[in-house]
$ cat final.txt   # compact mmCIF, C-alpha atoms and all ligand atoms
# COMPACT_ATOMS: atom_id res chain seq x y z
CA MET A 1 107.27 170.40 -72.88
CA ASN A 2 109.51 168.12 -70.78
CA ASP A 3 108.13 165.87 -68.05
CA VAL A 4 109.00 167.43 -64.70
CA LEU A 5 107.92 167.64 -61.10
CA LEU A 6 108.22 170.97 -59.32
CA LYS A 7 107.94 171.55 -55.56
CA ALA A 8 106.78 174.80 -54.02
CA THR A 9 105.57 176.08 -50.66
CA VAL A 10 103.67 178.99 -49.18
CA PRO A 11 103.52 179.30 -45.36
CA GLY A 12 101.92 176.11 -43.98
CA ILE A 13 101.15 174.58 -47.40
CA ARG A 14 103.22 172.52 -49.82
CA ALA A 15 102.47 171.79 -53.43
CA PHE A 16 103.82 169.57 -56.18
CA ALA A 17 103.04 170.06 -59.86
CA ALA A 18 103.84 167.34 -62.38
CA ILE A 19 103.84 167.30 -66.15
CA THR A 20 103.73 163.71 -67.39
CA THR A 21 102.61 163.96 -71.02
CA ASN A 22 105.59 162.13 -72.54
CA LEU A 23 105.80 159.30 -70.02
CA VAL A 24 102.04 158.63 -70.23
CA GLU A 25 102.30 158.52 -74.04
CA ASP A 26 105.29 156.19 -73.59
CA ALA A 27 103.14 153.89 -71.41
CA ARG A 28 100.31 154.02 -73.95
CA GLN A 29 102.61 152.86 -76.75
CA ARG A 30 104.29 150.16 -74.64
CA HIS A 31 101.00 148.62 -73.56
CA ASN A 32 98.89 149.53 -76.62
CA CYS A 33 96.28 151.18 -74.38
CA TYR A 34 92.86 152.42 -75.51
CA PRO A 35 91.74 155.87 -74.29
CA THR A 36 89.89 154.94 -71.07
CA ALA A 37 92.69 152.56 -70.08
CA ILE A 38 95.49 155.08 -70.63
CA ALA A 39 93.53 157.80 -68.81
CA ALA A 40 93.26 155.46 -65.79
CA LEU A 41 96.90 154.33 -65.97
CA GLY A 42 98.17 157.86 -66.68
CA ARG A 43 96.29 159.35 -63.73
CA THR A 44 97.61 156.60 -61.44
CA MET A 45 101.20 157.04 -62.69
CA THR A 46 101.00 160.81 -62.18
CA GLY A 47 99.44 160.36 -58.73
CA ALA A 48 102.18 157.91 -57.73
CA LEU A 49 104.91 160.37 -58.82
CA LEU A 50 103.23 163.13 -56.78
CA LEU A 51 103.09 160.87 -53.69
CA ALA A 52 106.67 159.70 -54.25
CA ALA A 53 107.85 163.33 -54.24
CA ASN A 54 107.27 163.29 -50.46
CA LEU A 55 109.47 160.21 -49.92
CA LYS A 56 113.02 160.03 -48.68
CA THR A 57 115.88 159.34 -51.14
CA GLU A 58 115.87 155.53 -51.24
CA GLU A 59 112.13 155.03 -50.75
CA SER A 60 109.56 154.03 -53.33
CA ILE A 61 105.83 153.60 -53.54
CA THR A 62 103.44 151.17 -55.22
CA ILE A 63 99.84 152.05 -55.97
CA ARG A 64 97.53 149.17 -56.80
CA VAL A 65 93.95 149.85 -57.81
CA THR A 66 91.63 146.85 -57.96
CA GLY A 67 88.05 147.03 -59.13
CA ASP A 68 85.13 145.04 -60.54
CA GLY A 69 85.16 147.04 -63.81
CA PRO A 70 86.74 145.93 -67.12
CA LEU A 71 90.23 147.29 -66.27
CA GLU A 72 90.41 144.88 -63.28
CA GLU A 73 93.73 146.10 -61.90
CA ILE A 74 96.27 148.91 -62.25
CA VAL A 75 99.75 148.60 -60.73
CA VAL A 76 102.21 151.50 -60.62
CA ASP A 77 105.65 151.88 -58.98
CA ALA A 78 107.30 155.28 -58.48
CA ASP A 79 110.32 156.62 -56.65
CA ASN A 80 111.38 160.12 -55.70
CA HIS A 81 114.05 160.25 -58.40
CA GLY A 82 111.26 160.73 -60.93
CA ASN A 83 111.06 157.12 -62.19
CA VAL A 84 107.69 155.49 -62.74
CA ARG A 85 106.46 152.28 -64.36
CA GLY A 86 103.03 150.73 -64.51
CA TYR A 87 100.50 148.54 -66.26
CA VAL A 88 96.80 147.90 -66.42
CA ASN A 89 95.38 144.38 -66.67
CA ASN A 90 93.18 145.02 -69.70
CA PRO A 91 94.80 147.83 -71.70
CA GLN A 92 92.37 147.47 -74.62
CA THR A 93 89.51 148.87 -72.55
CA HIS A 94 87.46 151.79 -73.78
CA LEU A 95 84.03 152.88 -72.54
CA PRO A 96 81.64 155.46 -74.01
CA LEU A 97 82.29 158.99 -72.71
CA LYS A 98 80.43 160.03 -69.57
CA ASN A 99 79.58 163.75 -69.27
CA GLU A 100 81.94 164.21 -72.25
CA LYS A 101 84.83 162.78 -70.22
CA LEU A 102 86.69 159.47 -70.30
CA ASP A 103 84.82 157.17 -67.92
CA VAL A 104 87.72 156.07 -65.73
CA GLY A 105 85.44 155.48 -62.73
CA GLY A 106 83.23 153.15 -64.81
CA ALA A 107 86.23 151.25 -66.18
CA ILE A 108 87.58 150.64 -62.67
CA GLY A 109 84.26 150.04 -60.93
CA LYS A 110 83.92 149.36 -57.23
CA GLY A 111 87.03 148.26 -55.41
CA HIS A 112 90.06 149.35 -53.43
CA ILE A 113 93.20 151.40 -53.63
CA HIS A 114 96.29 149.97 -51.93
CA VAL A 115 99.33 152.14 -51.33
CA THR A 116 102.59 150.43 -50.29
CA ARG A 117 105.57 152.39 -49.07
CA PHE A 118 109.00 150.73 -49.34
CA THR A 119 111.52 152.34 -47.02
CA GLY A 120 114.36 149.89 -47.69
CA LEU A 121 114.93 149.55 -43.94
CA LYS A 122 111.73 148.40 -42.28
CA ALA A 123 109.11 146.05 -43.73
CA PRO A 124 106.98 147.71 -46.44
CA PHE A 125 103.79 149.29 -45.15
CA THR A 126 100.51 148.95 -47.08
CA GLY A 127 97.41 151.06 -46.45
CA SER A 128 94.15 150.24 -48.23
CA ILE A 129 90.83 152.03 -48.53
CA GLU A 130 87.66 151.48 -50.49
CA LEU A 131 87.53 153.53 -53.71
CA VAL A 132 85.48 156.73 -53.47
CA SER A 133 84.77 157.09 -57.20
CA GLY A 134 87.45 155.16 -59.08
CA GLU A 135 88.44 158.45 -60.76
CA ILE A 136 91.86 158.08 -59.00
CA ALA A 137 92.45 161.68 -57.81
CA GLU A 138 89.68 161.61 -55.19
CA ASP A 139 90.70 158.10 -54.19
CA ILE A 140 94.32 159.09 -53.53
CA ALA A 141 93.18 162.20 -51.60
CA GLN A 142 90.91 160.04 -49.46
CA TYR A 143 93.77 157.60 -48.86
CA LEU A 144 96.04 160.46 -47.71
CA LEU A 145 93.37 161.72 -45.34
CA PHE A 146 92.62 158.29 -43.83
CA SER A 147 96.09 156.76 -43.71
CA GLU A 148 98.32 159.76 -43.18
CA GLN A 149 95.84 162.29 -41.74
CA THR A 150 97.06 164.84 -44.28
CA PRO A 151 94.30 166.96 -45.81
CA SER A 152 95.19 167.01 -49.50
CA THR A 153 93.81 168.25 -52.76
CA ILE A 154 94.89 166.27 -55.78
CA ILE A 155 93.98 166.96 -59.38
CA LEU A 156 94.98 164.73 -62.27
CA GLY A 157 94.33 164.84 -65.98
CA VAL A 158 95.12 162.93 -69.17
CA LYS A 159 94.03 164.17 -72.61
CA VAL A 160 93.73 161.52 -75.34
CA GLN A 161 93.22 162.51 -78.98
CA PRO A 162 90.94 160.67 -81.44
CA ASP A 163 94.09 159.10 -82.99
CA LEU A 164 94.74 157.66 -79.46
CA THR A 165 97.86 159.75 -78.72
CA VAL A 166 98.22 161.42 -75.33
CA THR A 167 98.82 165.15 -75.85
CA ALA A 168 98.57 166.42 -72.28
CA ALA A 169 98.95 164.76 -68.87
CA GLY A 170 99.82 166.03 -65.45
CA GLY A 171 98.66 166.73 -61.95
CA MET A 172 98.98 168.70 -58.76
CA LEU A 173 99.08 167.72 -55.11
CA ILE A 174 98.49 170.41 -52.49
CA GLN A 175 98.81 169.57 -48.80
CA ALA A 176 98.09 171.56 -45.68
CA LEU A 177 100.69 171.12 -42.93
CA PRO A 178 99.60 171.17 -39.27
CA ASP A 179 100.65 174.82 -38.87
CA ALA A 180 98.66 176.07 -41.88
CA GLU A 181 96.62 179.19 -41.19
CA GLU A 182 92.90 179.10 -41.97
CA GLU A 183 93.12 182.31 -43.97
CA ILE A 184 95.75 180.88 -46.35
CA ILE A 185 93.86 177.58 -46.70
CA GLU A 186 90.71 179.50 -47.68
CA LYS A 187 92.59 181.58 -50.23
CA ILE A 188 94.06 178.46 -51.86
CA GLU A 189 90.70 176.66 -51.80
CA ASN A 190 89.23 179.65 -53.59
CA ASN A 191 92.07 179.63 -56.14
CA ILE A 192 91.62 175.89 -56.76
CA SER A 193 87.86 176.21 -57.21
CA GLN A 194 88.56 178.56 -60.15
CA LEU A 195 91.34 176.43 -61.63
CA PRO A 196 90.80 175.11 -65.18
CA SER A 197 91.42 171.37 -65.63
CA ILE A 198 95.06 170.22 -65.69
CA THR A 199 94.87 169.37 -69.37
CA ALA A 200 93.30 172.77 -70.19
CA MET A 201 96.17 174.50 -68.35
CA LEU A 202 98.74 172.42 -70.23
CA GLU A 203 97.04 173.02 -73.56
CA ALA A 204 97.10 176.76 -72.79
CA GLY A 205 100.88 176.42 -72.55
CA LEU A 206 101.30 176.64 -68.77
CA ASP A 207 104.34 174.84 -67.35
CA ALA A 208 104.67 173.40 -63.82
CA GLN A 209 105.50 176.81 -62.39
CA GLY A 210 102.54 178.36 -64.19
CA MET A 211 100.18 175.81 -62.59
CA ILE A 212 101.58 176.52 -59.13
CA GLU A 213 101.28 180.28 -59.69
CA LYS A 214 97.57 179.79 -60.35
CA ALA A 215 96.98 177.61 -57.28
CA PHE A 216 99.00 179.90 -55.00
CA ALA A 217 97.94 183.21 -56.61
CA GLY A 218 98.25 186.17 -54.22
CA LEU A 219 100.65 184.34 -51.85
CA PRO A 220 104.45 184.48 -51.41
CA ILE A 221 105.69 181.34 -53.21
CA LEU A 222 108.98 179.63 -52.45
CA TYR A 223 110.09 177.23 -55.20
CA GLY A 224 111.99 174.02 -54.51
CA GLY A 225 113.84 171.78 -56.93
CA GLU A 226 112.60 170.47 -60.24
CA THR A 227 112.92 166.72 -60.95
CA PRO A 228 112.81 165.28 -64.49
CA LEU A 229 110.25 162.45 -64.77
CA LYS A 230 110.38 159.35 -66.97
CA PHE A 231 108.93 155.89 -67.58
CA GLN A 232 111.69 153.63 -66.31
CA CYS A 233 111.38 149.91 -65.67
CA ARG A 234 113.66 147.91 -63.38
CA CYS A 235 113.59 144.71 -65.43
CA SER A 236 116.73 143.31 -67.04
CA ARG A 237 117.85 140.11 -68.76
CA ASP A 238 119.76 139.24 -65.61
CA ARG A 239 116.58 139.47 -63.48
CA VAL A 240 114.60 137.41 -65.98
CA GLU A 241 117.34 134.73 -65.93
CA LYS A 242 117.17 134.60 -62.14
CA MET A 243 113.39 134.27 -62.34
CA LEU A 244 113.70 131.38 -64.85
CA ILE A 245 116.26 129.65 -62.61
CA SER A 246 113.90 130.05 -59.64
CA LEU A 247 111.23 128.11 -61.60
CA GLY A 248 113.31 124.97 -61.09
CA GLU A 249 114.46 122.00 -63.14
CA GLU A 250 111.08 120.60 -64.18
CA GLU A 251 109.73 123.91 -65.47
CA LEU A 252 112.95 124.60 -67.39
CA ILE A 253 112.81 121.18 -69.03
CA ASN A 254 109.24 122.02 -70.13
CA LEU A 255 110.50 125.28 -71.68
CA LEU A 256 113.41 123.42 -73.34
CA ASN A 257 110.95 121.01 -74.91
CA GLU A 258 109.28 124.00 -76.55
CA GLN A 259 112.79 124.95 -77.82
CA LYS A 260 112.45 128.61 -76.92
CA ALA A 261 110.96 130.92 -74.34
CA GLU A 262 109.59 134.41 -74.64
CA ILE A 263 109.16 136.27 -71.37
CA LYS A 264 107.32 139.59 -71.31
CA CYS A 265 107.74 142.13 -68.52
CA HIS A 266 104.31 143.15 -67.20
CA PHE A 267 105.45 146.63 -66.29
CA CYS A 268 107.06 147.77 -69.54
CA SER A 269 106.06 145.13 -72.17
CA GLN A 270 109.72 144.42 -72.99
CA PHE A 271 110.23 140.92 -74.42
CA TYR A 272 113.14 138.69 -73.39
CA HIS A 273 113.85 135.80 -75.75
CA PHE A 274 115.73 132.64 -74.82
CA ASN A 275 116.79 130.08 -77.38
CA GLN A 276 117.48 126.38 -76.78
CA ASN A 277 121.17 126.92 -75.92
CA GLU A 278 120.39 129.69 -73.48
CA LEU A 279 117.66 127.65 -71.78
CA ASP A 280 120.01 124.69 -71.59
CA ALA A 281 122.65 126.85 -69.88
CA LEU A 282 120.06 127.91 -67.29
CA LEU A 283 119.09 124.26 -66.72
CA GLN A 284 122.76 123.38 -66.13
CA GLU A 285 122.92 126.27 -63.66
CA VAL A 286 119.91 124.88 -61.75
CA ARG A 287 121.53 121.42 -61.65
CA ARG A 288 124.84 122.88 -60.42
CA MET A 289 122.98 124.73 -57.65
CA GLN A 290 121.17 121.54 -56.63
CA LYS A 291 124.49 119.69 -56.33
CA THR A 292 125.98 122.30 -54.05
CA LEU A 293 122.95 122.31 -51.75
ZN ZN B 301 110.18 145.89 -67.51
$ encode --input "final.txt" --output "structure tokens" --more "lines below"
Ligand SMILES: [Zn+2]
Amino acid sequence: MNDVLLKATVPGIRAFAAITTNLVEDARQRHNCYPTAIAALGRTMTGALLLAANLKTEESITIRVTGDGPLEEIVVDADNHGNVRGYVNNPQTHLPLKNEKLDVGGAIGKGHIHVTRFTGLKAPFTGSIELVSGEIAEDIAQYLLFSEQTPSTIILGVKVQPDLTVTAAGGMLIQALPDAEEEIIEKIENNISQLPSITAMLEAGLDAQGMIEKAFAGLPILYGGETPLKFQCRCSRDRVEKMLISLGEEELINLLNEQKAEIKCHFCSQFYHFNQNELDALLQEVRRMQKTL
């Protein structure tokens, strides 16, 4: 099944369903994540894509989760074109199962969730709240209620097999708009209370539309567009070169003395290698810039 995000509405309520199995597996391979770590990162990536679906065209969002547990920090960027990237500080984290589930809350611990919205026009806006459980879904829902006063239900799931591969990942975000009627809200709440887990629905072969049909059962559903989703980083050799130049002459001379440099992108684990000649060219560039200042 392809990774997609589908929008749908019923009167007064909007919903987004995301299937993220392939991009979460992509992240697991890039960062060599253990099960608890990829469950935490996968839930956060899926949650960020669901939040980003509400953004305007050129906007993007960053979710940062910081806690006192072994994962320490998760950082995820997503935009509303379906691109997401992310990392976790300690990807080789795995805790014993809790109630037969991956213990994401235990791996994150007590801490905060920070959500930054980049509009491209005004200064970015960051809202932060204390984590409710560290299980991610509840924490994002609480953030939406506190920061944006939007009552939201969010469900997220990542299934990891004993061989460490991710075989199902996805989520749903359901939001009541100010004009939502109580009767419809109650019907949806009732539907959601009977909903199997996201991963159970995916394993049963449901697609994004199938998940929305379950949540909105018995209501007239209007479907919006479907967006393909993928793990996509924004790093490039050009950006890494600019970063090296910004380090300045002294730091570049240090790297030159080591004869090579290997720079790894945090977000996607891509390596950028620079040999002596390439580093020397960057050093000349720094010196040229200094002369023109
Ligand atoms: Zn990258």
$ residues_around --input "final.txt" --residues "A:Val65" --least-positions-apart "2" --cutoff "6 Å" --atoms "all atoms listed in the file" --output "ChimeraX atom specification"
/A:73-74,112-113
$ residues_around --input "final.txt" --residues "stretch 154-158 of chain A" --least-positions-apart "2" --cutoff "9 Å" --atoms "only C-alpha atoms" --output "PyMOL selection string"
chain A and resi 20-21+24+38-40+42-44+46-47+50+136-138+140-141+152+160+166-175+197-199
$ closest_residue --input "final.txt" --among "A:Met201, A:Cys268, A:Leu195, A:Ala123" --to "ligand ZN 301 (chain B)" --atoms "only C-alpha atoms and all ligand atoms"
A:Cys268
$ residues_near_ligand --input "final.txt" --ligand "ligand ZN 301 (chain B)" --cutoff "8 Å" --atoms "all atoms listed in the file" --output "list in words"
Gln232, Cys233, Arg234, Cys235, Ser236, Lys264, Cys265, His266, Phe267, Cys268, Ser269 and Gln270 of chain A
$ residues_around --input "final.txt" --residues "A:Ser147" --least-positions-apart "2" --cutoff "12 Å" --atoms "only C-alpha atoms" --output "VMD selection string"
chain A and resid 113 to 117 125 to 129 139 to 145 149 to 152
$ closest_residue --input "final.txt" --among "A:Glu100, A:Asn277, A:Leu95, A:Gln284" --to "A:Gln259" --atoms "all atoms listed in the file"
A:Asn277
$ residues_around --input "final.txt" --residues "A:Ile263" --least-positions-apart "5" --cutoff "8 Å" --atoms "all atoms listed in the file" --output "list in words"
Val240, Phe271, Tyr272 and His273 of chain A
$ closest_residue --input "final.txt" --among "A:Thr9, A:Ser193, A:Asn22, A:Gln29" --to "A:Leu222" --atoms "all atoms listed in the file"
A:Thr9
$ residues_around --input "final.txt" --residues "A:Gly86" --least-positions-apart "5" --cutoff "7 Å" --atoms "all atoms listed in the file" --output "PDB file with C-alpha atoms, in the frame of the given file"
ATOM      1  CA  MET A  45     101.200 157.040 -62.690  1.00  0.00           C
ATOM      2  CA  VAL A  75      99.750 148.600 -60.730  1.00  0.00           C
ATOM      3  CA  VAL A  76     102.210 151.500 -60.620  1.00  0.00           C
ATOM      4  CA  ASP A  77     105.650 151.880 -58.980  1.00  0.00           C
ATOM      5  CA  PHE A 267     105.450 146.630 -66.290  1.00  0.00           C
TER       6      PHE A 267
END
